[in-house]
Amino acid sequence: MTGPGGTDGAAGPVVVARGLRVGYGDVAVCGPVDLALAPGEVLAVVGPNGSGKSTVLKTVLGRLDALGGIVEVLERPVDERERAFRARVAGVGDDDAYFPGLSVREHLVLLARGHGVDQAGTVVDEVMAMFGITSRADAAPTELSSGQRRRLLLATAFVRPRDVLVLDEPEQRLDPGTRRLVADLIAAEAARGVAVLLATHDPEVAARTGARGLLVGEDACTDVARDDLAGVLAAVR
Ligand SMILES: Nc1ncnc2c1ncn2[C@@H]1O[C@H](COP(=O)(O)OP(=O)(O)OP(=O)(O)O)[C@@H](O)[C@H]1O
């Protein structure tokens, strides 16, 4: 199988962490992280509120410096300033910052064009329809409901090229139908060879995406098999 970036199905991992320490200042928020994520795989980072899931994701995205250990994406040390990194790694966090004066559609077209997407307008219209925000295309993001803004934020990852997709609690603020839609979109991404790293509290998202897990703990981070993930999520608190 050839993946979106021309990667072979049997290719090695595209996200690797070894003894990775993440945190703020010089204080680690959780145990060291070891993971390897290959094209077409979904890994769900799970754990209680405040355990460090977002911090792990931000470090993988290069938005936060590692305190120690190794983190590599696409076989290079993480550096979000690198053109190849920005071109191939799509991340959605909690932050919704928008340009004043641009509509929903204009935001998405700007992003798609910035990434050199052919027929950006058509792609954006398809993605807006997929996320059910077409009727709000001409609105400013500030005029959207909280869940609609979340749909827009997720849409930003789908209007641009990507080999690695990093999503922080994609289920946040979404109604149940949209949560299922997003889970199915993530599964489809994996099926076409994208490596997906996500944080979630939602057993349904974990199950529908076919994710295996990484349980983030204070002293250690532990691998969780796919079949055990729903039980671990139910027990997390
Ligand atoms: N900017 C920051 N500066 C200092 N500490 C922070 C900062 N952001 C988060 N923390 C702390 O780091 C720890 C891990 O936070 P993080 O947001 O990674 O948790 P999480 O597992 O994603 O939680 P949740 O399930 O609530 O989203 C928490 O104790 C939090 O208070």
# chains A, B, ... in the order shown; residues from 1 in each chain; ligands from 1
call {"tool": "residues_near_ligand", "arguments": {"ligand": "ligand 1", "cutoff": "10 Å", "atoms": "only C-alpha atoms and all ligand atoms", "output": "PyMOL selection string"}}
result
chain A and resi 22-25+27-30+45-59+64+94+168-169+172+199-201+216-218+237
call {"tool": "closest_atom_pairs", "arguments": {"of": "stretch 19-97 of chain A", "to": "stretch 147-163 of chain A", "cutoff": "10 Å", "atoms": "only C-alpha atoms", "output": "JSON lines"}}
result
{"residue": "A:Pro39", "atom": "CA", "partner": "A:Asp163", "partner_atom": "CA", "distance": 7.6}
{"residue": "A:Gly40", "atom": "CA", "partner": "A:Asp163", "partner_atom": "CA", "distance": 9.3}
{"residue": "A:Leu74", "atom": "CA", "partner": "A:Asp163", "partner_atom": "CA", "distance": 8.8}
{"residue": "A:Phe85", "atom": "CA", "partner": "A:Arg162", "partner_atom": "CA", "distance": 9.7}
{"residue": "A:Arg86", "atom": "CA", "partner": "A:Arg162", "partner_atom": "CA", "distance": 9.1}
{"residue": "A:Ala87", "atom": "CA", "partner": "A:Pro161", "partner_atom": "CA", "distance": 6.9}
{"residue": "A:Arg88", "atom": "CA", "partner": "A:Arg162", "partner_atom": "CA", "distance": 4.5}
{"residue": "A:Val89", "atom": "CA", "partner": "A:Arg162", "partner_atom": "CA", "distance": 5.4}
{"residue": "A:Ala90", "atom": "CA", "partner": "A:Ala157", "partner_atom": "CA", "distance": 5.6}
{"residue": "A:Gly91", "atom": "CA", "partner": "A:Ala157", "partner_atom": "CA", "distance": 6.7}
{"residue": "A:Val92", "atom": "CA", "partner": "A:Leu154", "partner_atom": "CA", "distance": 6.5}
{"residue": "A:Gly93", "atom": "CA", "partner": "A:Leu153", "partner_atom": "CA", "distance": 8.5}
{"residue": "A:Asp94", "atom": "CA", "partner": "A:Arg150", "partner_atom": "CA", "distance": 8.7}
{"residue": "A:Asp95", "atom": "CA", "partner": "A:Leu153", "partner_atom": "CA", "distance": 8.6}
{"residue": "A:Asp96", "atom": "CA", "partner": "A:Leu153", "partner_atom": "CA", "distance": 6.7}
{"residue": "A:Ala97", "atom": "CA", "partner": "A:Leu153", "partner_atom": "CA", "distance": 9.3}
call {"tool": "write_last_selection", "arguments": {"atoms": "C-alpha atoms", "output": "short mmCIF file (atom, residue, chain, number, x, y, z; two decimals), in the first residue's frame"}}
result
data_model
loop_
_atom_site.label_atom_id
_atom_site.label_comp_id
_atom_site.auth_asym_id
_atom_site.auth_seq_id
_atom_site.Cartn_x
_atom_site.Cartn_y
_atom_site.Cartn_z
CA PRO A 39 1.54 5.00 9.01
CA GLY A 40 -2.05 3.77 9.21
CA LEU A 74 8.98 11.66 10.05
CA PHE A 85 7.21 19.22 9.25
CA ARG A 86 4.61 21.94 8.71
CA ALA A 87 3.70 20.52 5.32
CA ARG A 88 3.05 16.97 6.54
CA VAL A 89 1.96 17.25 10.18
CA ALA A 90 -1.53 18.56 10.97
CA GLY A 91 -2.39 19.29 14.58
CA VAL A 92 -5.57 20.40 16.32
CA GLY A 93 -5.37 21.51 19.93
CA ASP A 94 -7.68 23.52 22.16
CA ASP A 95 -6.67 26.88 20.87
CA ASP A 96 -9.05 28.56 18.50
CA ALA A 97 -7.36 31.74 17.32
#
call {"tool": "closest_residue", "arguments": {"among": "A:Val124, A:Leu198, A:Ala235, A:Val78", "to": "A:Ala66", "atoms": "only C-alpha atoms"}}
result
A:Val78
call {"tool": "closest_residue", "arguments": {"among": "A:Leu233, A:Leu35, A:Ile133, A:Val166", "to": "A:Gly62", "atoms": "only C-alpha atoms"}}
result
A:Val166
call {"tool": "residues_around", "arguments": {"residues": "A:Gly231", "least_positions_apart": "4", "cutoff": "12 Å", "atoms": "only C-alpha atoms", "output": "number ranges by chain"}}
result
A: 46, 201-204, 206-207, 213, 215, 224-227, 235-236
call {"tool": "write_last_selection", "arguments": {"atoms": "C-alpha atoms", "output": "compact mmCIF listing (two decimals), in the first residue's frame"}}
result
# COMPACT_ATOMS: atom_id res chain seq x y z
CA VAL A 46 -5.52 8.39 27.67
CA HIS A 201 -11.69 10.37 27.10
CA ASP A 202 -14.32 8.81 24.83
CA PRO A 203 -14.57 5.00 24.58
CA GLU A 204 -16.70 5.28 21.44
CA ALA A 206 -11.41 4.85 20.74
CA ALA A 207 -13.49 1.90 19.50
CA GLY A 213 -3.70 3.15 23.78
CA LEU A 215 -2.08 5.36 29.47
CA VAL A 224 -2.83 -0.48 26.36
CA ALA A 225 -3.99 -3.13 23.88
CA ARG A 226 -6.89 -2.22 21.58
CA ASP A 227 -9.26 -4.67 23.28
CA ALA A 235 -11.82 3.26 34.83
CA VAL A 236 -9.89 6.51 34.31
call {"tool": "residues_around", "arguments": {"residues": "A:Tyr98", "least_positions_apart": "5", "cutoff": "10 Å", "atoms": "only C-alpha atoms", "output": "mmCIF file with C-alpha atoms, in the first residue's frame"}}
result
data_model
loop_
_atom_site.group_PDB
_atom_site.id
_atom_site.type_symbol
_atom_site.label_atom_id
_atom_site.label_comp_id
_atom_site.auth_asym_id
_atom_site.auth_seq_id
_atom_site.Cartn_x
_atom_site.Cartn_y
_atom_site.Cartn_z
ATOM 1 C CA SER A 103 -15.207 34.329 7.412
ATOM 2 C CA VAL A 104 -15.256 30.592 8.112
ATOM 3 C CA HIS A 107 -10.109 30.940 6.862
ATOM 4 C CA ALA A 140 -17.099 35.082 11.372
ATOM 5 C CA PRO A 141 -15.760 32.318 13.650
ATOM 6 C CA THR A 142 -16.735 34.476 16.639
ATOM 7 C CA LEU A 153 -11.077 23.858 14.113
#
call {"tool": "atom_distance", "arguments": {"atom1": "atom CA of A:Arg105", "atom2": "atom CA of A:Val164"}}
result
23.8 Å
call {"tool": "closest_residue", "arguments": {"among": "A:Ser146, A:Leu167, A:Glu41, A:Val71", "to": "A:Ala187", "atoms": "only C-alpha atoms"}}
result
A:Glu41
call {"tool": "select_by_dssp", "arguments": {"residues": "stretch 49-221 of chain A", "states": "strand (DSSP E)", "output": "list of chain:residue names"}}
result
A:Gly68, A:Gly69, A:Ile70, A:Val71, A:Glu72, A:Val73, A:Arg76, A:Pro77, A:Val89, A:Ala90, A:Gly91, A:Val92, A:Val164, A:Leu165, A:Val166, A:Leu167, A:Asp168, A:Ala195, A:Val196, A:Leu197, A:Leu198, A:Ala199, A:Arg212, A:Gly213, A:Leu214, A:Leu215, A:Val216, A:Cys221
call {"tool": "residues_around", "arguments": {"residues": "A:Pro32", "least_positions_apart": "5", "cutoff": "7 Å", "atoms": "only C-alpha atoms", "output": "list in words"}}
result
Gly19, Leu20, Arg21, Ala220 and Cys221 of chain A
call {"tool": "atom_distance", "arguments": {"atom1": "atom CA of A:Val109", "atom2": "atom CA of A:Gly121"}}
result
6.0 Å
call {"tool": "atom_distance", "arguments": {"atom1": "atom CA of A:Ala234", "atom2": "atom CA of A:Ala44"}}
result
14.0 Å
